[in-house]
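Visitor: Following this line is final-v1.cif, made up of mmCIF, N, CA and C atoms:
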data_data
loop_
_atom_site.label_atom_id
_atom_site.label_comp_id
_atom_site.auth_asym_id
_atom_site.auth_seq_id
_atom_site.Cartn_x
_atom_site.Cartn_y
_atom_site.Cartn_z
N MET T 1 96.21 99.60 116.80
CA MET T 1 95.25 98.81 116.08
C MET T 1 94.84 97.61 116.92
N GLY T 2 95.76 97.02 117.65
CA GLY T 2 95.44 95.95 118.58
C GLY T 2 94.61 94.83 118.00
N ASP T 3 93.32 94.83 118.30
CA ASP T 3 92.43 93.74 117.90
C ASP T 3 91.70 94.01 116.59
N LEU T 4 92.05 95.05 115.87
CA LEU T 4 91.38 95.39 114.62
C LEU T 4 91.85 94.47 113.50
N GLU T 5 90.93 93.74 112.90
CA GLU T 5 91.28 92.80 111.84
C GLU T 5 91.27 93.52 110.49
N LEU T 6 92.42 93.50 109.80
CA LEU T 6 92.56 94.19 108.52
C LEU T 6 92.40 93.25 107.34
N LEU T 7 92.80 92.00 107.53
CA LEU T 7 92.76 91.04 106.43
C LEU T 7 91.40 90.36 106.37
N GLY T 8 90.98 90.09 105.17
CA GLY T 8 89.69 89.47 104.96
C GLY T 8 89.82 88.12 104.29
N ALA T 9 88.66 87.59 103.88
CA ALA T 9 88.63 86.28 103.24
C ALA T 9 87.43 86.18 102.33
N ARG T 10 87.59 85.37 101.28
CA ARG T 10 86.47 85.03 100.42
C ARG T 10 86.02 83.60 100.68
N GLY T 11 86.95 82.76 101.10
CA GLY T 11 86.66 81.36 101.34
C GLY T 11 87.68 80.74 102.26
N THR T 12 87.72 79.40 102.27
CA THR T 12 88.62 78.69 103.17
C THR T 12 89.87 78.15 102.50
N ASP T 13 89.95 78.22 101.18
CA ASP T 13 91.16 77.80 100.48
C ASP T 13 92.24 78.84 100.74
N PRO T 14 93.50 78.43 100.96
CA PRO T 14 94.57 79.39 101.25
C PRO T 14 94.70 80.53 100.24
N VAL T 15 94.35 80.33 98.97
CA VAL T 15 94.44 81.43 98.02
C VAL T 15 93.32 82.44 98.19
N GLU T 16 92.36 82.16 99.07
CA GLU T 16 91.18 83.02 99.22
C GLU T 16 91.16 83.84 100.51
N TYR T 17 92.30 83.95 101.20
CA TYR T 17 92.32 84.77 102.41
C TYR T 17 93.74 85.23 102.73
N GLY T 18 93.86 86.22 103.59
CA GLY T 18 95.16 86.68 104.07
C GLY T 18 95.89 87.57 103.09
N CYS T 19 97.19 87.63 103.25
CA CYS T 19 98.06 88.42 102.38
C CYS T 19 99.33 87.60 102.20
N TYR T 20 99.54 87.12 101.00
CA TYR T 20 100.64 86.18 100.80
C TYR T 20 101.46 86.52 99.57
N PRO T 21 102.75 86.12 99.59
CA PRO T 21 103.59 86.33 98.41
C PRO T 21 103.29 85.30 97.34
N MET T 22 103.39 85.74 96.09
CA MET T 22 103.22 84.86 94.94
C MET T 22 104.55 84.80 94.20
N ALA T 23 105.10 83.60 94.04
CA ALA T 23 106.38 83.43 93.35
C ALA T 23 106.54 81.95 93.01
N PRO T 24 107.21 81.61 91.98
CA PRO T 24 107.92 82.40 90.99
C PRO T 24 107.01 82.97 89.89
N TRP T 25 105.70 82.84 90.05
CA TRP T 25 104.79 83.55 89.15
C TRP T 25 103.62 84.06 89.96
N ALA T 26 103.05 85.15 89.48
CA ALA T 26 101.86 85.74 90.10
C ALA T 26 100.73 85.66 89.08
N GLY T 27 99.58 85.30 89.55
CA GLY T 27 98.43 85.19 88.66
C GLY T 27 98.34 83.81 88.05
N ARG T 28 97.66 83.75 86.90
CA ARG T 28 97.43 82.48 86.21
C ARG T 28 98.41 82.33 85.06
N VAL T 29 98.99 81.16 84.92
CA VAL T 29 99.87 80.87 83.80
C VAL T 29 98.98 80.44 82.63
N PRO T 30 99.05 81.14 81.49
CA PRO T 30 98.21 80.77 80.35
C PRO T 30 98.37 79.30 79.96
N HIS T 31 97.27 78.59 79.96
CA HIS T 31 97.22 77.17 79.59
C HIS T 31 98.12 76.30 80.48
N ASN T 32 98.58 76.86 81.62
CA ASN T 32 99.45 76.15 82.57
C ASN T 32 100.76 75.70 81.93
N ILE T 33 101.22 76.45 80.94
CA ILE T 33 102.45 76.10 80.22
C ILE T 33 103.39 77.30 80.17
N VAL T 34 104.64 77.08 80.52
CA VAL T 34 105.70 78.09 80.39
C VAL T 34 106.62 77.60 79.28
N THR T 35 106.86 78.44 78.28
CA THR T 35 107.73 78.06 77.18
C THR T 35 108.95 78.99 77.16
N VAL T 36 110.12 78.38 77.18
CA VAL T 36 111.38 79.12 77.16
C VAL T 36 112.30 78.43 76.16
N ASP T 37 112.83 79.20 75.22
CA ASP T 37 113.75 78.67 74.21
C ASP T 37 113.18 77.43 73.52
N ASN T 38 111.93 77.53 73.11
CA ASN T 38 111.22 76.46 72.39
C ASN T 38 111.01 75.17 73.20
N THR T 39 111.22 75.24 74.50
CA THR T 39 110.92 74.10 75.38
C THR T 39 109.74 74.49 76.26
N SER T 40 108.71 73.63 76.29
CA SER T 40 107.52 73.90 77.09
C SER T 40 107.52 73.08 78.37
N TYR T 41 107.13 73.73 79.45
CA TYR T 41 107.05 73.09 80.77
C TYR T 41 105.62 73.20 81.24
N HIS T 42 105.01 72.07 81.56
CA HIS T 42 103.63 72.05 82.03
C HIS T 42 103.62 72.21 83.55
N LEU T 43 102.79 73.11 84.04
CA LEU T 43 102.61 73.30 85.48
C LEU T 43 101.25 72.74 85.88
N PRO T 44 101.18 71.93 86.91
CA PRO T 44 99.89 71.36 87.30
C PRO T 44 98.96 72.42 87.87
N ALA T 45 97.67 72.18 87.74
CA ALA T 45 96.68 73.08 88.32
C ALA T 45 96.80 73.04 89.84
N SER T 46 96.78 74.21 90.45
CA SER T 46 96.86 74.29 91.91
C SER T 46 95.58 74.88 92.51
N TYR T 47 94.73 75.45 91.66
CA TYR T 47 93.47 76.04 92.12
C TYR T 47 92.50 75.97 90.95
N ASN T 48 91.40 75.27 91.14
CA ASN T 48 90.47 75.00 90.05
C ASN T 48 91.26 74.38 88.89
N THR T 49 91.24 75.01 87.72
CA THR T 49 91.96 74.44 86.56
C THR T 49 93.25 75.19 86.26
N TRP T 50 93.68 76.10 87.13
CA TRP T 50 94.81 76.96 86.85
C TRP T 50 96.05 76.62 87.67
N ALA T 51 97.20 76.85 87.07
CA ALA T 51 98.45 76.93 87.82
C ALA T 51 98.46 78.36 88.35
N LEU T 52 98.19 78.52 89.63
CA LEU T 52 97.89 79.83 90.19
C LEU T 52 98.88 80.25 91.28
N HIS T 53 99.43 81.43 91.14
CA HIS T 53 100.17 82.15 92.19
C HIS T 53 101.45 81.50 92.68
N GLY T 54 102.07 80.62 91.90
CA GLY T 54 103.40 80.14 92.25
C GLY T 54 103.42 78.91 93.14
N THR T 55 104.61 78.66 93.70
CA THR T 55 104.83 77.44 94.48
C THR T 55 105.07 77.70 95.96
N VAL T 56 105.10 78.95 96.40
CA VAL T 56 105.52 79.23 97.78
C VAL T 56 104.37 79.50 98.74
N LEU T 57 103.14 79.55 98.26
CA LEU T 57 102.01 79.87 99.13
C LEU T 57 101.91 78.93 100.32
N ASP T 58 101.98 77.64 100.09
CA ASP T 58 101.83 76.69 101.19
C ASP T 58 103.13 75.97 101.53
N ALA T 59 104.24 76.56 101.12
CA ALA T 59 105.56 75.98 101.43
C ALA T 59 106.00 76.39 102.83
N ALA T 60 106.87 75.60 103.42
CA ALA T 60 107.44 75.91 104.74
C ALA T 60 108.62 76.86 104.56
N TRP T 61 108.51 78.04 105.15
CA TRP T 61 109.57 79.04 105.08
C TRP T 61 110.52 78.84 106.26
N SER T 62 111.78 79.22 106.07
CA SER T 62 112.78 79.15 107.13
C SER T 62 113.16 80.56 107.56
N VAL T 63 113.43 80.73 108.84
CA VAL T 63 113.89 82.01 109.35
C VAL T 63 115.38 82.13 109.05
N VAL T 64 115.75 83.16 108.29
CA VAL T 64 117.14 83.41 107.95
C VAL T 64 117.81 84.26 109.02
N ARG T 65 117.07 85.29 109.47
CA ARG T 65 117.61 86.20 110.48
C ARG T 65 116.48 86.92 111.18
N ARG T 66 116.70 87.21 112.46
CA ARG T 66 115.73 87.98 113.26
C ARG T 66 116.43 89.19 113.84
N TRP T 67 115.72 90.28 113.86
CA TRP T 67 116.14 91.50 114.53
C TRP T 67 115.05 91.84 115.55
N ARG T 68 115.25 92.88 116.31
CA ARG T 68 114.23 93.30 117.29
C ARG T 68 112.92 93.65 116.61
N ASP T 69 113.00 94.31 115.45
CA ASP T 69 111.80 94.81 114.78
C ASP T 69 111.62 94.22 113.37
N ALA T 70 112.33 93.14 113.06
CA ALA T 70 112.24 92.60 111.70
C ALA T 70 112.57 91.11 111.69
N VAL T 71 112.16 90.47 110.60
CA VAL T 71 112.49 89.07 110.39
C VAL T 71 112.67 88.85 108.89
N CYS T 72 113.63 88.00 108.53
CA CYS T 72 113.86 87.62 107.14
C CYS T 72 113.60 86.13 107.01
N LEU T 73 112.73 85.77 106.06
CA LEU T 73 112.36 84.38 105.80
C LEU T 73 112.80 83.99 104.40
N ALA T 74 112.99 82.70 104.16
CA ALA T 74 113.38 82.23 102.84
C ALA T 74 112.74 80.88 102.55
N VAL T 75 112.52 80.63 101.25
CA VAL T 75 112.00 79.35 100.80
C VAL T 75 112.48 79.11 99.37
N ASN T 76 112.77 77.87 99.04
CA ASN T 76 113.11 77.53 97.66
C ASN T 76 111.83 77.45 96.84
N VAL T 77 111.90 77.84 95.57
CA VAL T 77 110.69 77.82 94.74
C VAL T 77 110.20 76.41 94.49
N GLY T 78 111.09 75.46 94.37
CA GLY T 78 110.74 74.05 94.32
C GLY T 78 109.86 73.61 93.17
N PRO T 79 109.71 72.30 93.05
CA PRO T 79 108.83 71.73 92.02
C PRO T 79 107.40 72.20 92.25
N PRO T 80 106.64 72.35 91.23
CA PRO T 80 106.85 71.91 89.86
C PRO T 80 107.59 72.93 88.99
N TRP T 81 108.07 74.02 89.57
CA TRP T 81 108.83 75.01 88.80
C TRP T 81 110.11 74.36 88.32
N PRO T 82 110.42 74.40 87.03
CA PRO T 82 111.55 73.64 86.50
C PRO T 82 112.92 74.25 86.76
N TRP T 83 113.00 75.40 87.40
CA TRP T 83 114.28 76.04 87.67
C TRP T 83 114.48 76.19 89.17
N ALA T 84 115.73 76.22 89.59
CA ALA T 84 116.07 76.38 91.01
C ALA T 84 116.14 77.86 91.35
N GLY T 85 115.58 78.21 92.48
CA GLY T 85 115.62 79.59 92.93
C GLY T 85 115.15 79.71 94.37
N GLN T 86 115.30 80.90 94.91
CA GLN T 86 114.91 81.14 96.30
C GLN T 86 114.17 82.46 96.41
N VAL T 87 113.15 82.47 97.24
CA VAL T 87 112.40 83.68 97.55
C VAL T 87 112.78 84.10 98.97
N ARG T 88 113.02 85.40 99.14
CA ARG T 88 113.28 85.95 100.47
C ARG T 88 112.24 87.01 100.76
N LEU T 89 111.78 87.01 101.98
CA LEU T 89 110.77 87.96 102.44
C LEU T 89 111.25 88.57 103.74
N THR T 90 111.32 89.89 103.79
CA THR T 90 111.71 90.58 105.01
C THR T 90 110.56 91.46 105.47
N TRP T 91 110.11 91.25 106.69
CA TRP T 91 109.08 92.08 107.32
C TRP T 91 109.76 92.99 108.33
N THR T 92 109.42 94.28 108.32
CA THR T 92 109.93 95.24 109.29
C THR T 92 108.74 95.99 109.88
N LEU T 93 108.64 95.99 111.21
CA LEU T 93 107.51 96.60 111.90
C LEU T 93 107.96 97.84 112.66
N THR T 94 107.27 98.96 112.42
CA THR T 94 107.49 100.19 113.18
C THR T 94 106.19 100.53 113.89
N GLU T 95 106.18 101.65 114.61
CA GLU T 95 104.95 102.05 115.31
C GLU T 95 103.82 102.38 114.34
N SER T 96 104.15 102.79 113.13
CA SER T 96 103.09 103.25 112.22
C SER T 96 102.91 102.40 110.96
N ARG T 97 103.78 101.41 110.75
CA ARG T 97 103.63 100.65 109.51
C ARG T 97 104.34 99.31 109.58
N LEU T 98 103.91 98.45 108.67
CA LEU T 98 104.57 97.18 108.43
C LEU T 98 105.09 97.24 107.01
N SER T 99 106.41 97.10 106.85
CA SER T 99 107.02 97.13 105.52
C SER T 99 107.50 95.73 105.17
N SER T 100 107.50 95.46 103.87
CA SER T 100 107.98 94.16 103.43
C SER T 100 108.82 94.31 102.18
N GLU T 101 109.76 93.40 102.03
CA GLU T 101 110.58 93.34 100.82
C GLU T 101 110.56 91.89 100.36
N LEU T 102 110.25 91.70 99.09
CA LEU T 102 110.15 90.37 98.52
C LEU T 102 111.10 90.27 97.35
N THR T 103 111.98 89.27 97.35
CA THR T 103 112.93 89.10 96.26
C THR T 103 112.94 87.64 95.82
N LEU T 104 113.27 87.43 94.56
CA LEU T 104 113.42 86.10 93.99
C LEU T 104 114.76 86.06 93.27
N THR T 105 115.56 85.06 93.57
CA THR T 105 116.84 84.92 92.89
C THR T 105 116.96 83.51 92.31
N SER T 106 117.70 83.41 91.23
CA SER T 106 117.96 82.12 90.61
C SER T 106 119.14 81.47 91.31
N SER T 107 119.07 80.16 91.45
CA SER T 107 120.20 79.41 92.01
C SER T 107 121.06 78.82 90.90
N GLY T 108 120.72 79.14 89.67
CA GLY T 108 121.46 78.60 88.53
C GLY T 108 121.23 79.46 87.31
N GLU T 109 120.61 78.85 86.30
CA GLU T 109 120.36 79.57 85.06
C GLU T 109 119.23 80.59 85.22
N ALA T 110 119.22 81.57 84.31
CA ALA T 110 118.16 82.57 84.30
C ALA T 110 116.84 81.91 83.93
N PHE T 111 115.75 82.43 84.48
CA PHE T 111 114.43 81.91 84.15
C PHE T 111 113.41 83.03 84.19
N PRO T 112 112.29 82.86 83.51
CA PRO T 112 111.24 83.88 83.55
C PRO T 112 110.56 83.83 84.91
N ALA T 113 110.16 84.97 85.41
CA ALA T 113 109.50 84.98 86.72
C ALA T 113 108.70 86.26 86.89
N ARG T 114 107.76 86.19 87.78
CA ARG T 114 106.98 87.36 88.20
C ARG T 114 106.58 87.11 89.64
N ILE T 115 106.87 88.07 90.51
CA ILE T 115 106.49 87.92 91.91
C ILE T 115 105.53 89.03 92.28
N GLY T 116 104.82 88.82 93.36
CA GLY T 116 103.88 89.85 93.80
C GLY T 116 103.22 89.47 95.11
N TRP T 117 102.34 90.36 95.55
CA TRP T 117 101.56 90.16 96.78
C TRP T 117 100.10 89.97 96.41
N HIS T 118 99.44 89.10 97.12
CA HIS T 118 98.01 88.92 96.94
C HIS T 118 97.31 89.27 98.25
N PRO T 119 96.80 90.48 98.36
CA PRO T 119 96.15 90.88 99.60
C PRO T 119 94.63 90.63 99.56
N TRP T 120 94.11 90.16 100.66
CA TRP T 120 92.65 90.10 100.88
C TRP T 120 92.36 91.03 102.05
N PHE T 121 92.13 92.29 101.76
CA PHE T 121 91.83 93.25 102.82
C PHE T 121 90.32 93.39 103.00
N ARG T 122 89.92 93.71 104.21
CA ARG T 122 88.51 93.98 104.48
C ARG T 122 88.13 95.28 103.79
N ARG T 123 86.96 95.31 103.20
CA ARG T 123 86.49 96.54 102.56
C ARG T 123 86.07 97.57 103.60
N ARG T 124 85.51 97.09 104.69
CA ARG T 124 85.06 97.98 105.75
C ARG T 124 85.68 97.53 107.07
N LEU T 125 86.30 98.47 107.76
CA LEU T 125 86.89 98.17 109.05
C LEU T 125 85.85 98.33 110.15
N ALA T 126 86.04 97.63 111.25
CA ALA T 126 85.09 97.68 112.36
C ALA T 126 85.06 99.06 113.04
N ARG T 127 86.16 99.78 112.94
CA ARG T 127 86.23 101.12 113.56
C ARG T 127 87.41 101.88 112.94
N GLY T 128 87.50 103.16 113.26
CA GLY T 128 88.63 103.96 112.80
C GLY T 128 88.47 104.42 111.37
N GLY T 129 89.56 104.92 110.81
CA GLY T 129 89.55 105.44 109.45
C GLY T 129 89.70 104.35 108.41
N ASP T 130 89.89 104.81 107.20
CA ASP T 130 90.05 103.88 106.10
C ASP T 130 91.39 103.15 106.19
N LEU T 131 91.40 101.93 105.73
CA LEU T 131 92.63 101.16 105.62
C LEU T 131 93.49 101.78 104.53
N GLN T 132 94.78 101.98 104.80
CA GLN T 132 95.69 102.52 103.80
C GLN T 132 96.75 101.48 103.50
N TRP T 133 96.90 101.19 102.21
CA TRP T 133 97.90 100.21 101.78
C TRP T 133 98.64 100.79 100.60
N GLN T 134 99.97 100.76 100.67
CA GLN T 134 100.79 101.27 99.58
C GLN T 134 101.70 100.16 99.10
N ALA T 135 101.77 100.01 97.81
CA ALA T 135 102.66 99.01 97.23
C ALA T 135 103.54 99.72 96.21
N ALA T 136 104.82 99.70 96.47
CA ALA T 136 105.78 100.27 95.53
C ALA T 136 106.26 99.15 94.63
N ALA T 137 105.75 99.12 93.43
CA ALA T 137 106.15 98.07 92.49
C ALA T 137 107.46 98.47 91.83
N VAL T 138 108.40 97.59 91.92
CA VAL T 138 109.71 97.84 91.32
C VAL T 138 110.02 96.69 90.38
N ALA T 139 110.22 97.02 89.13
CA ALA T 139 110.61 95.99 88.16
C ALA T 139 112.12 96.06 88.03
N LEU T 140 112.79 95.03 88.50
CA LEU T 140 114.24 95.05 88.52
C LEU T 140 114.75 93.66 88.13
N LEU T 141 115.62 93.63 87.20
CA LEU T 141 116.25 92.38 86.81
C LEU T 141 117.73 92.53 87.01
N GLU T 142 118.30 91.72 87.86
CA GLU T 142 119.75 91.72 88.06
C GLU T 142 120.28 90.42 87.53
N ARG T 143 121.30 90.50 86.75
CA ARG T 143 121.93 89.31 86.23
C ARG T 143 123.25 89.10 86.97
N GLY T 144 123.37 87.94 87.56
CA GLY T 144 124.59 87.62 88.31
C GLY T 144 125.64 87.03 87.39
N PRO T 145 126.69 86.48 87.99
CA PRO T 145 127.79 85.90 87.21
C PRO T 145 127.34 84.70 86.37
#
What is this file in structure tokens?
Guide:
Amino acid sequence: MGDLELLGARGTDPVEYGCYPMAPWAGRVPHNIVTVDNTSYHLPASYNTWALHGTVLDAAWSVVRRWRDAVCLAVNVGPPWPWAGQVRLTWTLTESRLSSELTLTSSGEAFPARIGWHPWFRRRLARGGDLQWQAAAVALLERGP
């Protein structure tokens, strides 16, 4: 693929280009409020009037481990999210594909969460065949000690 650009853009705001993880929530939080056990937490607007796509989009990630063909990154979910947690992202590159694994874990009490990917792919490539993207969505909740 070399110089073939696969990712696209709608604008210059970070939520409008590239392919990025969304955590600890994906999408828009209704009314920017999360309510758990009759306690409401207000999340500030991060894009237009919405609390959009979590807290990790523009956060500084740390390299946890590097391999010859892979890298694992981590970031804390941080404020304004009222619970402590960490997101890990592992990229693995082969000759024919780029694979990724995205996980979110709590550093304390259980909390509601939704993670995901926000891709901005080009609709038309400059050359070659169609762009192929596969996302295996796995809904998994593990409860620790």
Visitor: Could you work out how far atom N of T:Leu104 lies from atom N of T:Val71, giving the answer in Å with one decimal?
Guide: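 Distance between the two atoms: 16.4 Å.
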Visitor: Do you know which residues the PyMOL selection byres ((chain T and resi 60) around 6.5) returns on this file, as a PDB file with N, CA and C atoms, keeping the file's coordinate frame?
Guide:
ATOM      1  N   ASP T  58     101.980  77.640 100.090  1.00  0.00           N
ATOM      2  CA  ASP T  58     101.830  76.690 101.190  1.00  0.00           C
ATOM      3  C   ASP T  58     103.130  75.970 101.530  1.00  0.00           C
ATOM      4  N   ALA T  59     104.240  76.560 101.120  1.00  0.00           N
ATOM      5  CA  ALA T  59     105.560  75.980 101.430  1.00  0.00           C
ATOM      6  C   ALA T  59     106.000  76.390 102.830  1.00  0.00           C
ATOM      7  N   TRP T  61     108.510  78.040 105.150  1.00  0.00           N
ATOM      8  CA  TRP T  61     109.570  79.040 105.080  1.00  0.00           C
ATOM      9  C   TRP T  61     110.520  78.840 106.260  1.00  0.00           C
ATOM     10  N   SER T  62     111.780  79.220 106.070  1.00  0.00           N
ATOM     11  CA  SER T  62     112.780  79.150 107.130  1.00  0.00           C
ATOM     12  C   SER T  62     113.160  80.560 107.560  1.00  0.00           C
ATOM     13  N   ALA T  74     112.990  82.700 104.160  1.00  0.00           N
ATOM     14  CA  ALA T  74     113.380  82.230 102.840  1.00  0.00           C
ATOM     15  C   ALA T  74     112.740  80.880 102.550  1.00  0.00           C
ATOM     16  N   VAL T  75     112.520  80.630 101.250  1.00  0.00           N
ATOM     17  CA  VAL T  75     112.000  79.350 100.800  1.00  0.00           C
ATOM     18  C   VAL T  75     112.480  79.110  99.370  1.00  0.00           C
TER      19      VAL T  75
END
Visitor: Mind checking which residues fall within 12 Å of T:Gly116, counting only C-alpha atoms, ignoring those fewer than 5 positions away in the same chain, and posting them as a VMD selection string?
Guide: chain T and resid 19 to 27 53 to 54 56 to 57 87 89 100 to 104 135 to 139
Visitor: Just the number, please: distance in Å from atom CA of T:Ala84 to atom C of T:Ser40, one decimal.
Guide: 15.6 Å
Visitor: Please report, as a PyMOL selection string, each residue of chain T to which DSSP assigns helix (DSSP H, G or I) when run on this structure's backbone.
Guide: chain T and resi 14-16+30-32
Visitor: Kindly resolve the PyMOL selection byres (((chain T and resi 69 and name CA) around 6) and name CA) on the present coordinates and return the residues as a PDB file with N, CA and C atoms, in the frame of the given file.
Guide:
ATOM      1  N   TRP T  67     115.720  90.280 113.860  1.00  0.00           N
ATOM      2  CA  TRP T  67     116.140  91.500 114.530  1.00  0.00           C
ATOM      3  C   TRP T  67     115.050  91.840 115.550  1.00  0.00           C
ATOM      4  N   ARG T  68     115.250  92.880 116.310  1.00  0.00           N
ATOM      5  CA  ARG T  68     114.230  93.300 117.290  1.00  0.00           C
ATOM      6  C   ARG T  68     112.920  93.650 116.610  1.00  0.00           C
ATOM      7  N   ALA T  70     112.330  93.140 113.060  1.00  0.00           N
ATOM      8  CA  ALA T  70     112.240  92.600 111.700  1.00  0.00           C
ATOM      9  C   ALA T  70     112.570  91.110 111.690  1.00  0.00           C
ATOM     10  N   THR T  92     109.420  94.280 108.320  1.00  0.00           N
ATOM     11  CA  THR T  92     109.930  95.240 109.290  1.00  0.00           C
ATOM     12  C   THR T  92     108.740  95.990 109.880  1.00  0.00           C
ATOM     13  N   LEU T  93     108.640  95.990 111.210  1.00  0.00           N
ATOM     14  CA  LEU T  93     107.510  96.600 111.900  1.00  0.00           C
ATOM     15  C   LEU T  93     107.960  97.840 112.660  1.00  0.00           C
TER      16      LEU T  93
END
Visitor: Just give me the gap between atom C of T:Ser46 and atom C of T:Pro30 in Å, one decimal is fine.
Guide: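 Interatomic distance, atom C of T:Ser46 to atom C of T:Pro30: 13.6 Å.
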Visitor: Run DSSP on the backbone of this structure and report the residues of stretch 59-132 of chain T it assigns to strand (DSSP E), as a compact mmCIF listing (two decimals) with N, CA and C atoms, in the coordinates of the input.
Guide:
# COMPACT_ATOMS: atom_id res chain seq x y z
N SER T 62 111.78 79.22 106.07
CA SER T 62 112.78 79.15 107.13
C SER T 62 113.16 80.56 107.56
N VAL T 63 113.43 80.73 108.84
CA VAL T 63 113.89 82.01 109.35
C VAL T 63 115.38 82.13 109.05
N VAL T 64 115.75 83.16 108.29
CA VAL T 64 117.14 83.41 107.95
C VAL T 64 117.81 84.26 109.02
N ARG T 65 117.07 85.29 109.47
CA ARG T 65 117.61 86.20 110.48
C ARG T 65 116.48 86.92 111.18
N ARG T 66 116.70 87.21 112.46
CA ARG T 66 115.73 87.98 113.26
C ARG T 66 116.43 89.19 113.84
N ALA T 70 112.33 93.14 113.06
CA ALA T 70 112.24 92.60 111.70
C ALA T 70 112.57 91.11 111.69
N VAL T 71 112.16 90.47 110.60
CA VAL T 71 112.49 89.07 110.39
C VAL T 71 112.67 88.85 108.89
N CYS T 72 113.63 88.00 108.53
CA CYS T 72 113.86 87.62 107.14
C CYS T 72 113.60 86.13 107.01
N LEU T 73 112.73 85.77 106.06
CA LEU T 73 112.36 84.38 105.80
C LEU T 73 112.80 83.99 104.40
N ALA T 74 112.99 82.70 104.16
CA ALA T 74 113.38 82.23 102.84
C ALA T 74 112.74 80.88 102.55
N VAL T 75 112.52 80.63 101.25
CA VAL T 75 112.00 79.35 100.80
C VAL T 75 112.48 79.11 99.37
N ASN T 76 112.77 77.87 99.04
CA ASN T 76 113.11 77.53 97.66
C ASN T 76 111.83 77.45 96.84
N GLY T 85 115.58 78.21 92.48
CA GLY T 85 115.62 79.59 92.93
C GLY T 85 115.15 79.71 94.37
N GLN T 86 115.30 80.90 94.91
CA GLN T 86 114.91 81.14 96.30
C GLN T 86 114.17 82.46 96.41
N VAL T 87 113.15 82.47 97.24
CA VAL T 87 112.40 83.68 97.55
C VAL T 87 112.78 84.10 98.97
N ARG T 88 113.02 85.40 99.14
CA ARG T 88 113.28 85.95 100.47
C ARG T 88 112.24 87.01 100.76
N LEU T 89 111.78 87.01 101.98
CA LEU T 89 110.77 87.96 102.44
C LEU T 89 111.25 88.57 103.74
N THR T 90 111.32 89.89 103.79
CA THR T 90 111.71 90.58 105.01
C THR T 90 110.56 91.46 105.47
N TRP T 91 110.11 91.25 106.69
CA TRP T 91 109.08 92.08 107.32
C TRP T 91 109.76 92.99 108.33
N THR T 92 109.42 94.28 108.32
CA THR T 92 109.93 95.24 109.29
C THR T 92 108.74 95.99 109.88
N LEU T 93 108.64 95.99 111.21
CA LEU T 93 107.51 96.60 111.90
C LEU T 93 107.96 97.84 112.66
N LEU T 98 103.91 98.45 108.67
CA LEU T 98 104.57 97.18 108.43
C LEU T 98 105.09 97.24 107.01
N SER T 99 106.41 97.10 106.85
CA SER T 99 107.02 97.13 105.52
C SER T 99 107.50 95.73 105.17
N SER T 100 107.50 95.46 103.87
CA SER T 100 107.98 94.16 103.43
C SER T 100 108.82 94.31 102.18
N GLU T 101 109.76 93.40 102.03
CA GLU T 101 110.58 93.34 100.82
C GLU T 101 110.56 91.89 100.36
N LEU T 102 110.25 91.70 99.09
CA LEU T 102 110.15 90.37 98.52
C LEU T 102 111.10 90.27 97.35
N THR T 103 111.98 89.27 97.35
CA THR T 103 112.93 89.10 96.26
C THR T 103 112.94 87.64 95.82
N LEU T 104 113.27 87.43 94.56
CA LEU T 104 113.42 86.10 93.99
C LEU T 104 114.76 86.06 93.27
N THR T 105 115.56 85.06 93.57
CA THR T 105 116.84 84.92 92.89
C THR T 105 116.96 83.51 92.31
N SER T 106 117.70 83.41 91.23
CA SER T 106 117.96 82.12 90.61
C SER T 106 119.14 81.47 91.31
N GLY T 116 104.82 88.82 93.36
CA GLY T 116 103.88 89.85 93.80
C GLY T 116 103.22 89.47 95.11
N TRP T 117 102.34 90.36 95.55
CA TRP T 117 101.56 90.16 96.78
C TRP T 117 100.10 89.97 96.41
N HIS T 118 99.44 89.10 97.12
CA HIS T 118 98.01 88.92 96.94
C HIS T 118 97.31 89.27 98.25
N PRO T 119 96.80 90.48 98.36
CA PRO T 119 96.15 90.88 99.60
C PRO T 119 94.63 90.63 99.56
Visitor: Counting only C-alpha atoms, which residue out of T:Asn48, T:Val77, T:Pro82, T:Ala113 sits closest to T:Asp13?
Guide: T:Asn48
